[in-house]
>>> print(open('protein.cif').read())   # mmCIF, C-alpha atoms
data_work
#
loop_
_atom_site.group_PDB
_atom_site.id
_atom_site.type_symbol
_atom_site.label_atom_id
_atom_site.label_comp_id
_atom_site.auth_asym_id
_atom_site.auth_seq_id
_atom_site.Cartn_x
_atom_site.Cartn_y
_atom_site.Cartn_z
ATOM 1 C CA MET A 1 132.515 13.639 -106.764
ATOM 2 C CA ALA A 2 131.935 12.967 -103.054
ATOM 3 C CA GLU A 3 135.085 10.865 -103.022
ATOM 4 C CA GLU A 4 137.144 14.007 -103.712
ATOM 5 C CA HIS A 5 135.609 15.732 -100.708
ATOM 6 C CA ARG A 6 136.333 12.823 -98.398
ATOM 7 C CA ILE A 7 140.028 13.345 -99.028
ATOM 8 C CA LYS A 8 140.077 17.081 -98.286
ATOM 9 C CA LEU A 9 138.238 19.303 -95.869
ATOM 10 C CA THR A 10 135.692 21.747 -97.227
ATOM 11 C CA GLU A 11 134.763 25.198 -96.030
ATOM 12 C CA GLY A 12 131.066 25.924 -95.686
ATOM 13 C CA ILE A 13 128.581 28.469 -94.409
ATOM 14 C CA VAL A 14 125.671 27.567 -92.140
ATOM 15 C CA VAL A 15 122.536 28.353 -94.148
ATOM 16 C CA LYS A 16 119.787 27.108 -91.835
ATOM 17 C CA ILE A 17 119.539 25.591 -88.371
ATOM 18 C CA VAL A 18 116.922 22.951 -87.620
ATOM 19 C CA PRO A 19 116.296 20.962 -84.397
ATOM 20 C CA PHE A 20 118.131 17.900 -85.765
ATOM 21 C CA GLY A 21 121.180 19.680 -87.204
ATOM 22 C CA ALA A 22 122.271 22.406 -89.590
ATOM 23 C CA PHE A 23 122.288 22.842 -93.345
ATOM 24 C CA VAL A 24 125.659 23.976 -94.662
ATOM 25 C CA LYS A 25 126.451 25.329 -98.132
ATOM 26 C CA THR A 26 129.884 24.069 -99.172
ATOM 27 C CA ASP A 27 132.392 25.878 -101.357
ATOM 28 C CA THR A 28 131.117 23.793 -104.294
ATOM 29 C CA SER A 29 127.674 25.433 -103.815
ATOM 30 C CA GLU A 30 126.122 22.156 -102.649
ATOM 31 C CA VAL A 31 123.973 22.185 -99.524
ATOM 32 C CA GLY A 32 124.319 19.297 -97.089
ATOM 33 C CA LEU A 33 123.141 18.372 -93.611
ATOM 34 C CA VAL A 34 125.360 18.259 -90.553
ATOM 35 C CA HIS A 35 123.376 16.025 -88.194
ATOM 36 C CA ILE A 36 123.263 17.063 -84.540
ATOM 37 C CA SER A 37 125.398 14.025 -83.647
ATOM 38 C CA GLU A 38 128.114 15.193 -86.074
ATOM 39 C CA ILE A 39 128.494 18.728 -84.688
ATOM 40 C CA SER A 40 130.681 18.105 -81.653
ATOM 41 C CA ASP A 41 132.351 15.386 -79.631
ATOM 42 C CA THR A 42 130.359 16.534 -76.615
ATOM 43 C CA TYR A 43 126.622 16.221 -76.061
ATOM 44 C CA VAL A 44 124.638 18.685 -78.174
ATOM 45 C CA ARG A 45 121.250 19.464 -76.658
ATOM 46 C CA ASP A 46 120.614 22.523 -78.832
ATOM 47 C CA VAL A 47 122.319 23.254 -82.153
ATOM 48 C CA HIS A 48 122.131 26.988 -81.405
ATOM 49 C CA GLN A 49 124.670 26.509 -78.591
ATOM 50 C CA PHE A 50 127.310 25.567 -81.180
ATOM 51 C CA LEU A 51 126.286 27.162 -84.480
ATOM 52 C CA LYS A 52 124.375 30.121 -85.814
ATOM 53 C CA GLU A 53 123.327 31.030 -89.327
ATOM 54 C CA GLY A 54 126.144 32.605 -91.328
ATOM 55 C CA ASP A 55 128.947 30.858 -89.389
ATOM 56 C CA LYS A 56 131.885 29.631 -91.455
ATOM 57 C CA VAL A 57 132.736 26.031 -90.581
ATOM 58 C CA THR A 58 135.080 23.364 -91.834
ATOM 59 C CA VAL A 59 133.182 20.223 -92.792
ATOM 60 C CA ARG A 60 133.946 16.844 -94.260
ATOM 61 C CA VAL A 61 131.671 14.920 -96.618
ATOM 62 C CA ILE A 62 130.978 11.576 -94.974
ATOM 63 C CA GLY A 63 128.590 10.327 -97.631
ATOM 64 C CA ARG A 64 125.511 10.878 -99.711
ATOM 65 C CA ASN A 65 122.036 9.622 -98.952
ATOM 66 C CA LYS A 66 119.854 7.819 -101.489
ATOM 67 C CA ASP A 67 118.538 11.159 -102.798
ATOM 68 C CA GLY A 68 122.080 12.352 -103.550
ATOM 69 C CA LYS A 69 122.169 14.868 -100.702
ATOM 70 C CA LEU A 70 125.422 15.418 -98.821
ATOM 71 C CA ASN A 71 125.966 14.127 -95.309
ATOM 72 C CA LEU A 72 128.498 16.393 -93.615
ATOM 73 C CA SER A 73 130.431 16.212 -90.355
ATOM 74 C CA ILE A 74 132.169 18.910 -88.342
ATOM 75 C CA LYS A 75 133.412 16.255 -85.910
ATOM 76 C CA ALA A 76 135.196 14.324 -88.673
ATOM 77 C CA ALA A 77 136.670 17.552 -90.047
ATOM 78 C CA LYS A 78 138.101 18.418 -86.637
ATOM 79 C CA ALA A 79 139.552 14.918 -86.284
ATOM 80 C CA ALA A 80 141.126 15.119 -89.745
ATOM 81 C CA ALA A 81 142.517 18.572 -89.002
ATOM 82 C CA ALA A 82 143.987 17.301 -85.740
ATOM 83 C CA ALA A 83 145.560 14.358 -87.547
ATOM 84 C CA ASP A 84 147.123 16.708 -90.105
ATOM 85 C CA GLY A 85 148.412 19.003 -87.398
ATOM 86 C CA SER A 86 146.431 21.937 -88.712
ATOM 87 C CA ALA A 87 144.150 21.911 -85.675
ATOM 88 C CA SER A 88 146.415 24.363 -83.894
ATOM 89 C CA VAL A 89 146.115 26.783 -86.814
ATOM 90 C CA SER A 90 142.323 26.592 -86.956
ATOM 91 C CA ALA A 91 142.059 26.782 -83.165
ATOM 92 C CA ALA A 92 144.204 29.906 -83.195
ATOM 93 C CA GLU A 93 141.896 31.492 -85.757
ATOM 94 C CA GLY A 94 138.856 30.401 -83.755
ATOM 95 C CA SER A 95 136.492 30.593 -86.719
ATOM 96 C CA ASN A 96 136.245 26.915 -87.578
ATOM 97 C CA ALA A 97 135.824 25.322 -84.183
ATOM 98 C CA PRO A 98 132.237 25.359 -82.915
ATOM 99 C CA VAL A 99 132.177 26.681 -79.380
ATOM 100 C CA PRO A 100 129.092 26.512 -77.205
ATOM 101 C CA ALA A 101 127.527 29.943 -76.830
ATOM 102 C CA ALA A 102 126.655 29.044 -73.243
ATOM 103 C CA ALA A 103 130.317 28.640 -72.296
ATOM 104 C CA SER A 104 130.587 32.250 -71.172
ATOM 105 C CA SER A 105 127.053 32.813 -69.942
ATOM 106 C CA GLY A 106 127.612 32.473 -66.221
ATOM 107 C CA PRO A 107 130.380 32.608 -63.643
ATOM 108 C CA SER A 108 130.463 28.827 -63.506
ATOM 109 C CA GLY A 109 130.386 28.527 -67.312
ATOM 110 C CA ARG A 110 126.896 27.015 -67.221
ATOM 111 C CA PRO A 111 123.853 28.654 -68.718
ATOM 112 C CA SER A 112 121.455 29.825 -66.055
ATOM 113 C CA GLY A 113 118.448 27.614 -65.461
ATOM 114 C CA SER A 114 119.784 24.441 -67.026
ATOM 115 C CA ARG A 115 121.329 21.367 -65.520
ATOM 116 C CA PRO A 116 124.775 20.197 -66.580
ATOM 117 C CA TYR A 117 124.949 17.168 -68.826
ATOM 118 C CA ARG A 118 126.190 14.070 -67.067
ATOM 119 C CA GLU A 119 127.414 11.206 -69.167
ATOM 120 C CA LYS A 120 126.160 7.790 -68.209
ATOM 121 C CA PRO A 121 128.945 5.584 -66.913
ATOM 122 C CA GLN A 122 129.973 2.802 -69.238
ATOM 123 C CA LEU A 123 129.016 -0.570 -67.804
ATOM 124 C CA SER A 124 131.192 -3.614 -68.172
ATOM 125 C CA PRO A 125 129.671 -6.657 -69.884
ATOM 126 C CA PHE A 126 129.277 -8.341 -66.500
ATOM 127 C CA ASP A 127 127.499 -5.318 -65.030
ATOM 128 C CA MET A 128 125.154 -5.149 -68.026
ATOM 129 C CA MET A 129 124.393 -8.852 -67.657
ATOM 130 C CA MET A 130 123.765 -8.435 -63.923
ATOM 131 C CA LYS A 131 121.528 -5.394 -64.491
ATOM 132 C CA ARG A 132 119.452 -7.339 -67.025
ATOM 133 C CA TYR A 133 119.215 -10.322 -64.655
ATOM 134 C CA LEU A 134 117.953 -8.103 -61.828
ATOM 135 C CA GLN A 135 115.348 -6.501 -64.107
ATOM 136 C CA ASP A 136 114.142 -9.905 -65.319
ATOM 137 C CA SER A 137 114.056 -11.235 -61.774
ATOM 138 C CA GLN A 138 112.015 -8.293 -60.548
ATOM 139 C CA GLU A 139 109.560 -8.657 -63.446
ATOM 140 C CA TRP A 140 109.250 -12.381 -62.742
ATOM 141 C CA GLN A 141 108.485 -11.740 -59.070
ATOM 142 C CA VAL A 142 105.838 -9.129 -59.901
ATOM 143 C CA ASP A 143 104.178 -11.512 -62.392
ATOM 144 C CA ARG A 144 104.245 -14.358 -59.863
ATOM 145 C CA LYS A 145 102.659 -12.177 -57.195
ATOM 146 C CA LYS A 146 99.894 -11.098 -59.602
ATOM 147 C CA ARG A 147 99.162 -14.734 -60.538
ATOM 148 C CA GLN A 148 98.895 -15.723 -56.876
ATOM 149 C CA GLU A 149 96.541 -12.834 -56.095
ATOM 150 C CA ARG A 150 94.298 -13.849 -59.024
ATOM 151 C CA LYS A 151 94.091 -17.413 -57.739
ATOM 152 C CA ARG A 152 93.058 -16.252 -54.292
ATOM 153 C CA GLY A 153 90.179 -14.299 -55.764
#
>>> encode(input="protein.cif", output="structure tokens")
Amino acid sequence: MAEEHRIKLTEGIVVKIVPFGAFVKTDTSEVGLVHISEISDTYVRDVHQFLKEGDKVTVRVIGRNKDGKLNLSIKAAKAAAAADGSASVSAAEGSNAPVPAAASSGPSGRPSGSRPYREKPQLSPFDMMMKRYLQDSQEWQVDRKKRQERKRG
């Protein structure tokens, strides 16, 4: 049954919001979880910035857990809609695309009192190796200094 849903997108209504995601009731009357990491392509600090109870969203079934519960994704639904070319239709309607509530809260577009999210820069393999080497070297030097101080008394 989940295989059918993977092929097509499903409409759903947000039933409950929890700190780690949102429960969505699909058009087949099944309730599934949209994990916080599957809500948007951008960083989601608070689910309430993107969704609220009663919102209609387009979701895609990405699997079932061992208990048979649905795992849903808004991100995958948006990607599938974009691939089909129907993203412009849903964006024009504006009901399916989750938009942060904080987007219009201030003149700069940032909610007052919070810092903007900065993505960490992606390190090259060499930079990661060098960073690890420097950490190990620093730890080694600290350990060596402690051993010497213990010997001295």
>>> axis_aligned_box(input="protein.cif", around="segment 63-81 of chain A", padding_each_side="8 Å", output="lines of an AutoDock Vina configuration file")
center_x = 130.5
center_y = 13.4
center_z = -94.7
size_x = 40.0
size_y = 27.1
size_z = 33.6
>>> resolve_selection(input="protein.cif", expression="the PyMOL selection byres ((chain A and resi 11) around 10)", output="ChimeraX atom specification")
/A:8-10,12-13,24-28,56-60,77,96
>>> residues_around(input="protein.cif", residues="Val15 of chain A", least_positions_apart="6", cutoff="9 Å", atoms="all atoms listed in the file", output="PDB file with C-alpha atoms, in the coordinates of the input")
ATOM      1  CA  ALA A  22     122.271  22.406 -89.590  1.00  0.00           C
ATOM      2  CA  PHE A  23     122.288  22.842 -93.345  1.00  0.00           C
ATOM      3  CA  VAL A  24     125.659  23.976 -94.662  1.00  0.00           C
ATOM      4  CA  LYS A  25     126.451  25.329 -98.132  1.00  0.00           C
ATOM      5  CA  VAL A  31     123.973  22.185 -99.524  1.00  0.00           C
ATOM      6  CA  LYS A  52     124.375  30.121 -85.814  1.00  0.00           C
ATOM      7  CA  GLU A  53     123.327  31.030 -89.327  1.00  0.00           C
ATOM      8  CA  GLY A  54     126.144  32.605 -91.328  1.00  0.00           C
ATOM      9  CA  ASP A  55     128.947  30.858 -89.389  1.00  0.00           C
TER      10      ASP A  55
END
>>> resolve_selection(input="protein.cif", expression="the PyMOL selection byres ((chain A and resi 18-20) around 9)", output="short mmCIF file (atom, residue, chain, number, x, y, z; two decimals) with C-alpha atoms, keeping the file's coordinate frame")
data_model
loop_
_atom_site.label_atom_id
_atom_site.label_comp_id
_atom_site.auth_asym_id
_atom_site.auth_seq_id
_atom_site.Cartn_x
_atom_site.Cartn_y
_atom_site.Cartn_z
CA LYS A 16 119.79 27.11 -91.84
CA ILE A 17 119.54 25.59 -88.37
CA GLY A 21 121.18 19.68 -87.20
CA ALA A 22 122.27 22.41 -89.59
CA PHE A 23 122.29 22.84 -93.34
CA VAL A 34 125.36 18.26 -90.55
CA HIS A 35 123.38 16.02 -88.19
CA ILE A 36 123.26 17.06 -84.54
CA SER A 37 125.40 14.02 -83.65
CA ASP A 46 120.61 22.52 -78.83
CA VAL A 47 122.32 23.25 -82.15
CA HIS A 48 122.13 26.99 -81.40
#
>>> resolve_selection(input="protein.cif", expression="the PyMOL selection byres ((chain A and resi 62) around 6)", output="number ranges by chain")
A: 61, 63, 71-72
>>> atom_distance(input="protein.cif", atom1="atom CA of Ala80 of chain A", atom2="atom CA of Leu123 of chain A")
29.6 Å
>>> atom_distance(input="protein.cif", atom1="atom CA of Lys78 of chain A", atom2="atom CA of Val14 of chain A")
16.4 Å
>>> atom_distance(input="protein.cif", atom1="atom CA of Ala81 of chain A", atom2="atom CA of Thr42 of chain A")
17.5 Å
